[in-house]
Number of protein chains: 2
Amino acid sequence: MEESLPAWDKATTADGETRSIPGAAIKRLSLYLRILQLLETERAEKVSSAELARRLGLNSAQVRKDLALFGQFGTPGFGYHVTGLRKELRRILGMDREVRVVLVGAGNLGSALLSYKGFLKQGFTMLWGFDADPEAASARARTRVPIYHVDELERRLTAQPVDIAVLAVPAEAAQPLADRLVALGVRAILNFVPARLEVPADVQVRYVDLSLELESLSYYVQDD
Amino acid sequence: MEESLPAWDKATTADGETRSIPGAAIKRLSLYLRILQLLETERAEKVSSAELARRLGLNSAQVRKDLALFGQFGTPGFGYHVTGLRKELRRILGMDREVRVVLVGAGNLGSALLSYKGFLKQGFTMLWGFDADPEAASARARTRVPIYHVDELERRLTAQPVDIAVLAVPAEAAQPLADRLVALGVRAILNFVPARLEVPADVQVRYVDLSLELESLSYYVQDD
DNA sequence: TAGATTGTTAATCGATTAACAATC
DNA sequence: TAGATTGTTAATCGATTAACAATC
């Protein structure tokens with residue numbers, strides 16, 4: 001019997017066929033988009049897969065292959081139109097619409113994330129923060145984003161669903177909160193908590209594990 | 001002609017042979033270590049590769065293979081001794097000594113990282129922060145870690161070399177600062193700046209790109 | 001047209017998983 | 001001894017890269 005892939009792991013070609021899209025390719029699309037935005041400010045009209053690859057330290061065949069997963073955006077002998085490709089990538093990544101984000105856990109790291117500019121750019125809307133101690137959290141955070149008590153999660157997210165939750169709570173609180181967020185319709189979680197989350201297959205979780213990054217770097221700085 | 005690998009990408013077996021160690025395996029070692037520390041608090045004497053795999057959502061053969069890259073730590077029919085394996089992993093990862101860390105760029109995100117508890121645990125020493133405006137940075141940061149002007153980088157790091165730098169500066173400042181850090185003997189950079197860094201082959205760079213994570217999650221939350 | 005560069009197939013590479021003899 | 005589990009080899013899987021006909 002064949003396992004069927006979750007919907008987000010598929011893409012449809014012109015002829016209606018369905019293929020699996022590697023997550024690593026999606027991350028690279030986001031990198032391509034960043035370079036295209038840079039090229040646009042440089043008033044560049046066109047760009048080749050070789051140039052995109054050079055700027056990102058990738059292989060040009062990989063760039064062409066990644067883009068070809070979603071359509072034929074280039075012109076042989078010419079390359080890609082910067083503005084055109086940028087629009088396509090924004091559409092593919094779903095950045096051509098408002099993406100609604102909440103933060104759960106506005107401690108030290110969380111409150112910094114609340115005011116992180118990179119999140120506010122690019123069509124992301126950081127709607128609300130939630131914390132077990134909203135007064136203390138508000139004092140920490142230098143932002144206009146309102147911070148509510150975590151008990152208000154259900155009320156707020158029922159009234160107005162969100163797409164993505166950023167999770168930065170103590171380890172023992174992570175799984176119960178993930179469960180509540182999923183029940184409230186959250187489709188993706190950016191998880192800063194060093195704990196594995198169990199979620200349904202159609203919910204995406206990305207782990208940003210700072211201790212793990214530092215520990216694995218420690219391996220490389222030994223003098224032997 | 002054969003390219004020779006950087007020293008950190010090799011490991012030596014008992015018979016003096018040298019093999020390449022995948023970076024992904026190193027990251028998993030750090031995950032294994034975390035579970036072993038948990039098991040130790042649970043007073044567990046032994047653990048099998050199957051149990052480690054289960055707790056981390058991995059394959060047991062992968063666990064055994066990762067560990068076997070560095071030696072024979074297990075006993076057939078028994079498994080691994082929790083305390084013994086924990087010690088071995090701490091040694092392999094270089095966590096059995098002080099790892100000296102500095103932060104460069106104590107803005108919103110940076111100052112949160114300065115006081116991030118996960119960095120202080122586990123044998124990491126966050127020595128100093130550096131910022132172009134150390135007064136403002138000190139006001140932001142709720143930490144005892146001293147923050148100096150970035151001009152003091154050379155003086156401080158010459159007097160006392162560090163292993164790892166955490167970089168959280170504006171994009172245009174990233175490469176020049178990376179160059180200075182490498183010249184000062186920094187062996188690894190944890191880079192929160194969305195910019196590619198050019199460094200010598202023996203310097204490790206890890207990218208933590210929050211915008212990229214959020215953008216690639218955006219792909220999965222589209223309703224189609 | 002000649003030169004450049006795409007989209008795509010085939011080849012390569014590397015990482016994951018299965019299988020199992022060795023062995024505690 | 002019987003049962004369990006390692007370390008390791010072989011098989012599988014998937015991702016990257018090379019190559020090139022198509023074509024602007």
# chains A, B, ... in the order shown; residues from 1 in each chain; ligands from 1

$ residues_around --residues "DA10 in chain D" --least-positions-apart "6" --cutoff "12 Å" --atoms "only C-alpha atoms (C1' of nucleotides)" --output "number ranges by chain"
C: 17-20

$ interface_residues --of "chain A" --to "chain C" --cutoff "9 Å" --atoms "only C-alpha atoms (C1' of nucleotides)" --output "number ranges by chain"
A: 48-49, 64-65, 68, 72, 74-79

$ closest_atom_pairs --of "chain B" --to "chain A" --cutoff "6 Å" --atoms "only C-alpha atoms" --output "CSV"
residue,atom,partner,partner_atom,distance
B:Trp8,CA,A:Tyr220,CA,5.6
B:Ile26,CA,A:Ser216,CA,6.0
B:Lys27,CA,A:Ser216,CA,5.5
B:Leu93,CA,A:Tyr219,CA,4.3
B:Gly94,CA,A:Tyr219,CA,5.3
B:Asn108,CA,A:Ala112,CA,5.6
B:Leu109,CA,A:Ala112,CA,5.2
B:Ala112,CA,A:Leu109,CA,5.2
B:Gly118,CA,A:Ser211,CA,5.7
B:Arg187,CA,A:Val221,CA,5.7
B:Ser211,CA,A:Gly118,CA,5.7
B:Ser216,CA,A:Lys27,CA,5.5
B:Ser218,CA,A:Gly94,CA,5.8
B:Tyr219,CA,A:Leu93,CA,4.3
B:Tyr220,CA,A:Trp8,CA,5.6
B:Val221,CA,A:Arg187,CA,5.7

$ atom_distance --atom1 "CA of Val145 in chain B" --atom2 "CA of Trp128 in chain B"
5.7 Å

$ atom_distance --atom1 "CA of Asn191 in chain B" --atom2 "CA of Leu167 in chain B"
4.9 Å

$ select_by_dssp --residues "range 9-191 of chain A" --states "strand (DSSP E or B)" --output "VMD selection string"
chain A and resid 10 to 12 18 to 20 46 to 47 75 79 to 81 99 to 104 124 to 131 147 to 149 164 to 167 188 to 191

$ decode --residues "range 134-163 of chain B" --atoms "N, CA and C atoms" --output "PDB file, in the first residue's frame"
ATOM      1  N   PRO B 134      27.153  50.865  22.963  1.00  0.00           N
ATOM      2  CA  PRO B 134      27.119  49.981  24.148  1.00  0.00           C
ATOM      3  C   PRO B 134      26.210  50.489  25.258  1.00  0.00           C
ATOM      4  N   GLU B 135      26.015  51.818  25.373  1.00  0.00           N
ATOM      5  CA  GLU B 135      25.124  52.326  26.429  1.00  0.00           C
ATOM      6  C   GLU B 135      23.690  51.876  26.160  1.00  0.00           C
ATOM      7  N   ALA B 136      23.218  52.129  24.942  1.00  0.00           N
ATOM      8  CA  ALA B 136      21.856  51.711  24.588  1.00  0.00           C
ATOM      9  C   ALA B 136      21.707  50.201  24.727  1.00  0.00           C
ATOM     10  N   ALA B 137      22.722  49.476  24.302  1.00  0.00           N
ATOM     11  CA  ALA B 137      22.665  48.017  24.360  1.00  0.00           C
ATOM     12  C   ALA B 137      22.576  47.533  25.802  1.00  0.00           C
ATOM     13  N   SER B 138      23.357  48.162  26.689  1.00  0.00           N
ATOM     14  CA  SER B 138      23.328  47.757  28.092  1.00  0.00           C
ATOM     15  C   SER B 138      21.962  48.017  28.713  1.00  0.00           C
ATOM     16  N   ALA B 139      21.323  49.113  28.275  1.00  0.00           N
ATOM     17  CA  ALA B 139      19.987  49.424  28.778  1.00  0.00           C
ATOM     18  C   ALA B 139      18.981  48.355  28.348  1.00  0.00           C
ATOM     19  N   ARG B 140      19.151  47.848  27.109  1.00  0.00           N
ATOM     20  CA  ARG B 140      18.258  46.819  26.597  1.00  0.00           C
ATOM     21  C   ARG B 140      18.448  45.493  27.322  1.00  0.00           C
ATOM     22  N   ALA B 141      19.718  45.136  27.505  1.00  0.00           N
ATOM     23  CA  ALA B 141      20.023  43.788  27.978  1.00  0.00           C
ATOM     24  C   ALA B 141      19.815  43.678  29.480  1.00  0.00           C
ATOM     25  N   ARG B 142      19.098  42.643  29.893  1.00  0.00           N
ATOM     26  CA  ARG B 142      18.959  42.372  31.327  1.00  0.00           C
ATOM     27  C   ARG B 142      19.921  41.251  31.674  1.00  0.00           C
ATOM     28  N   THR B 143      21.172  41.646  31.821  1.00  0.00           N
ATOM     29  CA  THR B 143      22.208  40.643  32.046  1.00  0.00           C
ATOM     30  C   THR B 143      23.416  41.294  32.676  1.00  0.00           C
ATOM     31  N   ARG B 144      24.241  40.464  33.329  1.00  0.00           N
ATOM     32  CA  ARG B 144      25.483  40.992  33.895  1.00  0.00           C
ATOM     33  C   ARG B 144      26.627  40.948  32.891  1.00  0.00           C
ATOM     34  N   VAL B 145      26.385  40.311  31.750  1.00  0.00           N
ATOM     35  CA  VAL B 145      27.455  40.239  30.748  1.00  0.00           C
ATOM     36  C   VAL B 145      27.805  41.655  30.288  1.00  0.00           C
ATOM     37  N   PRO B 146      29.069  42.077  30.422  1.00  0.00           N
ATOM     38  CA  PRO B 146      29.410  43.449  30.024  1.00  0.00           C
ATOM     39  C   PRO B 146      29.355  43.639  28.513  1.00  0.00           C
ATOM     40  N   ILE B 147      28.901  44.825  28.121  1.00  0.00           N
ATOM     41  CA  ILE B 147      28.824  45.129  26.693  1.00  0.00           C
ATOM     42  C   ILE B 147      29.795  46.268  26.386  1.00  0.00           C
ATOM     43  N   TYR B 148      30.708  46.025  25.469  1.00  0.00           N
ATOM     44  CA  TYR B 148      31.717  47.014  25.096  1.00  0.00           C
ATOM     45  C   TYR B 148      31.451  47.562  23.708  1.00  0.00           C
ATOM     46  N   HIS B 149      32.137  48.653  23.416  1.00  0.00           N
ATOM     47  CA  HIS B 149      32.063  49.177  22.051  1.00  0.00           C
ATOM     48  C   HIS B 149      32.767  48.211  21.110  1.00  0.00           C
ATOM     49  N   VAL B 150      32.231  48.086  19.923  1.00  0.00           N
ATOM     50  CA  VAL B 150      32.752  47.118  18.956  1.00  0.00           C
ATOM     51  C   VAL B 150      34.204  47.433  18.574  1.00  0.00           C
ATOM     52  N   ASP B 151      34.628  48.680  18.798  1.00  0.00           N
ATOM     53  CA  ASP B 151      36.034  49.041  18.560  1.00  0.00           C
ATOM     54  C   ASP B 151      36.977  48.305  19.495  1.00  0.00           C
ATOM     55  N   GLU B 152      36.458  47.801  20.600  1.00  0.00           N
ATOM     56  CA  GLU B 152      37.303  47.108  21.582  1.00  0.00           C
ATOM     57  C   GLU B 152      37.506  45.639  21.253  1.00  0.00           C
ATOM     58  N   LEU B 153      36.897  45.207  20.171  1.00  0.00           N
ATOM     59  CA  LEU B 153      36.955  43.797  19.781  1.00  0.00           C
ATOM     60  C   LEU B 153      38.399  43.289  19.743  1.00  0.00           C
ATOM     61  N   GLU B 154      39.255  43.991  19.037  1.00  0.00           N
ATOM     62  CA  GLU B 154      40.646  43.549  18.869  1.00  0.00           C
ATOM     63  C   GLU B 154      41.368  43.470  20.217  1.00  0.00           C
ATOM     64  N   ARG B 155      41.226  44.515  20.998  1.00  0.00           N
ATOM     65  CA  ARG B 155      41.931  44.554  22.276  1.00  0.00           C
ATOM     66  C   ARG B 155      41.490  43.399  23.183  1.00  0.00           C
ATOM     67  N   ARG B 156      40.180  43.224  23.312  1.00  0.00           N
ATOM     68  CA  ARG B 156      39.656  42.197  24.231  1.00  0.00           C
ATOM     69  C   ARG B 156      39.956  40.787  23.741  1.00  0.00           C
ATOM     70  N   LEU B 157      39.731  40.537  22.463  1.00  0.00           N
ATOM     71  CA  LEU B 157      39.893  39.165  21.975  1.00  0.00           C
ATOM     72  C   LEU B 157      41.354  38.798  21.768  1.00  0.00           C
ATOM     73  N   THR B 158      42.228  39.792  21.713  1.00  0.00           N
ATOM     74  CA  THR B 158      43.654  39.479  21.684  1.00  0.00           C
ATOM     75  C   THR B 158      44.102  39.064  23.079  1.00  0.00           C
ATOM     76  N   ALA B 159      43.633  39.805  24.084  1.00  0.00           N
ATOM     77  CA  ALA B 159      43.994  39.493  25.465  1.00  0.00           C
ATOM     78  C   ALA B 159      43.469  38.123  25.872  1.00  0.00           C
ATOM     79  N   GLN B 160      42.303  37.763  25.373  1.00  0.00           N
ATOM     80  CA  GLN B 160      41.687  36.507  25.789  1.00  0.00           C
ATOM     81  C   GLN B 160      40.878  35.921  24.622  1.00  0.00           C
ATOM     82  N   PRO B 161      41.459  34.979  23.908  1.00  0.00           N
ATOM     83  CA  PRO B 161      40.796  34.447  22.715  1.00  0.00           C
ATOM     84  C   PRO B 161      39.485  33.737  23.051  1.00  0.00           C
ATOM     85  N   VAL B 162      38.557  33.718  22.108  1.00  0.00           N
ATOM     86  CA  VAL B 162      37.289  33.016  22.302  1.00  0.00           C
ATOM     87  C   VAL B 162      37.100  31.988  21.202  1.00  0.00           C
ATOM     88  N   ASP B 163      36.183  31.051  21.446  1.00  0.00           N
ATOM     89  CA  ASP B 163      35.942  29.966  20.504  1.00  0.00           C
ATOM     90  C   ASP B 163      34.877  30.309  19.475  1.00  0.00           C
TER      91      ASP B 163
END
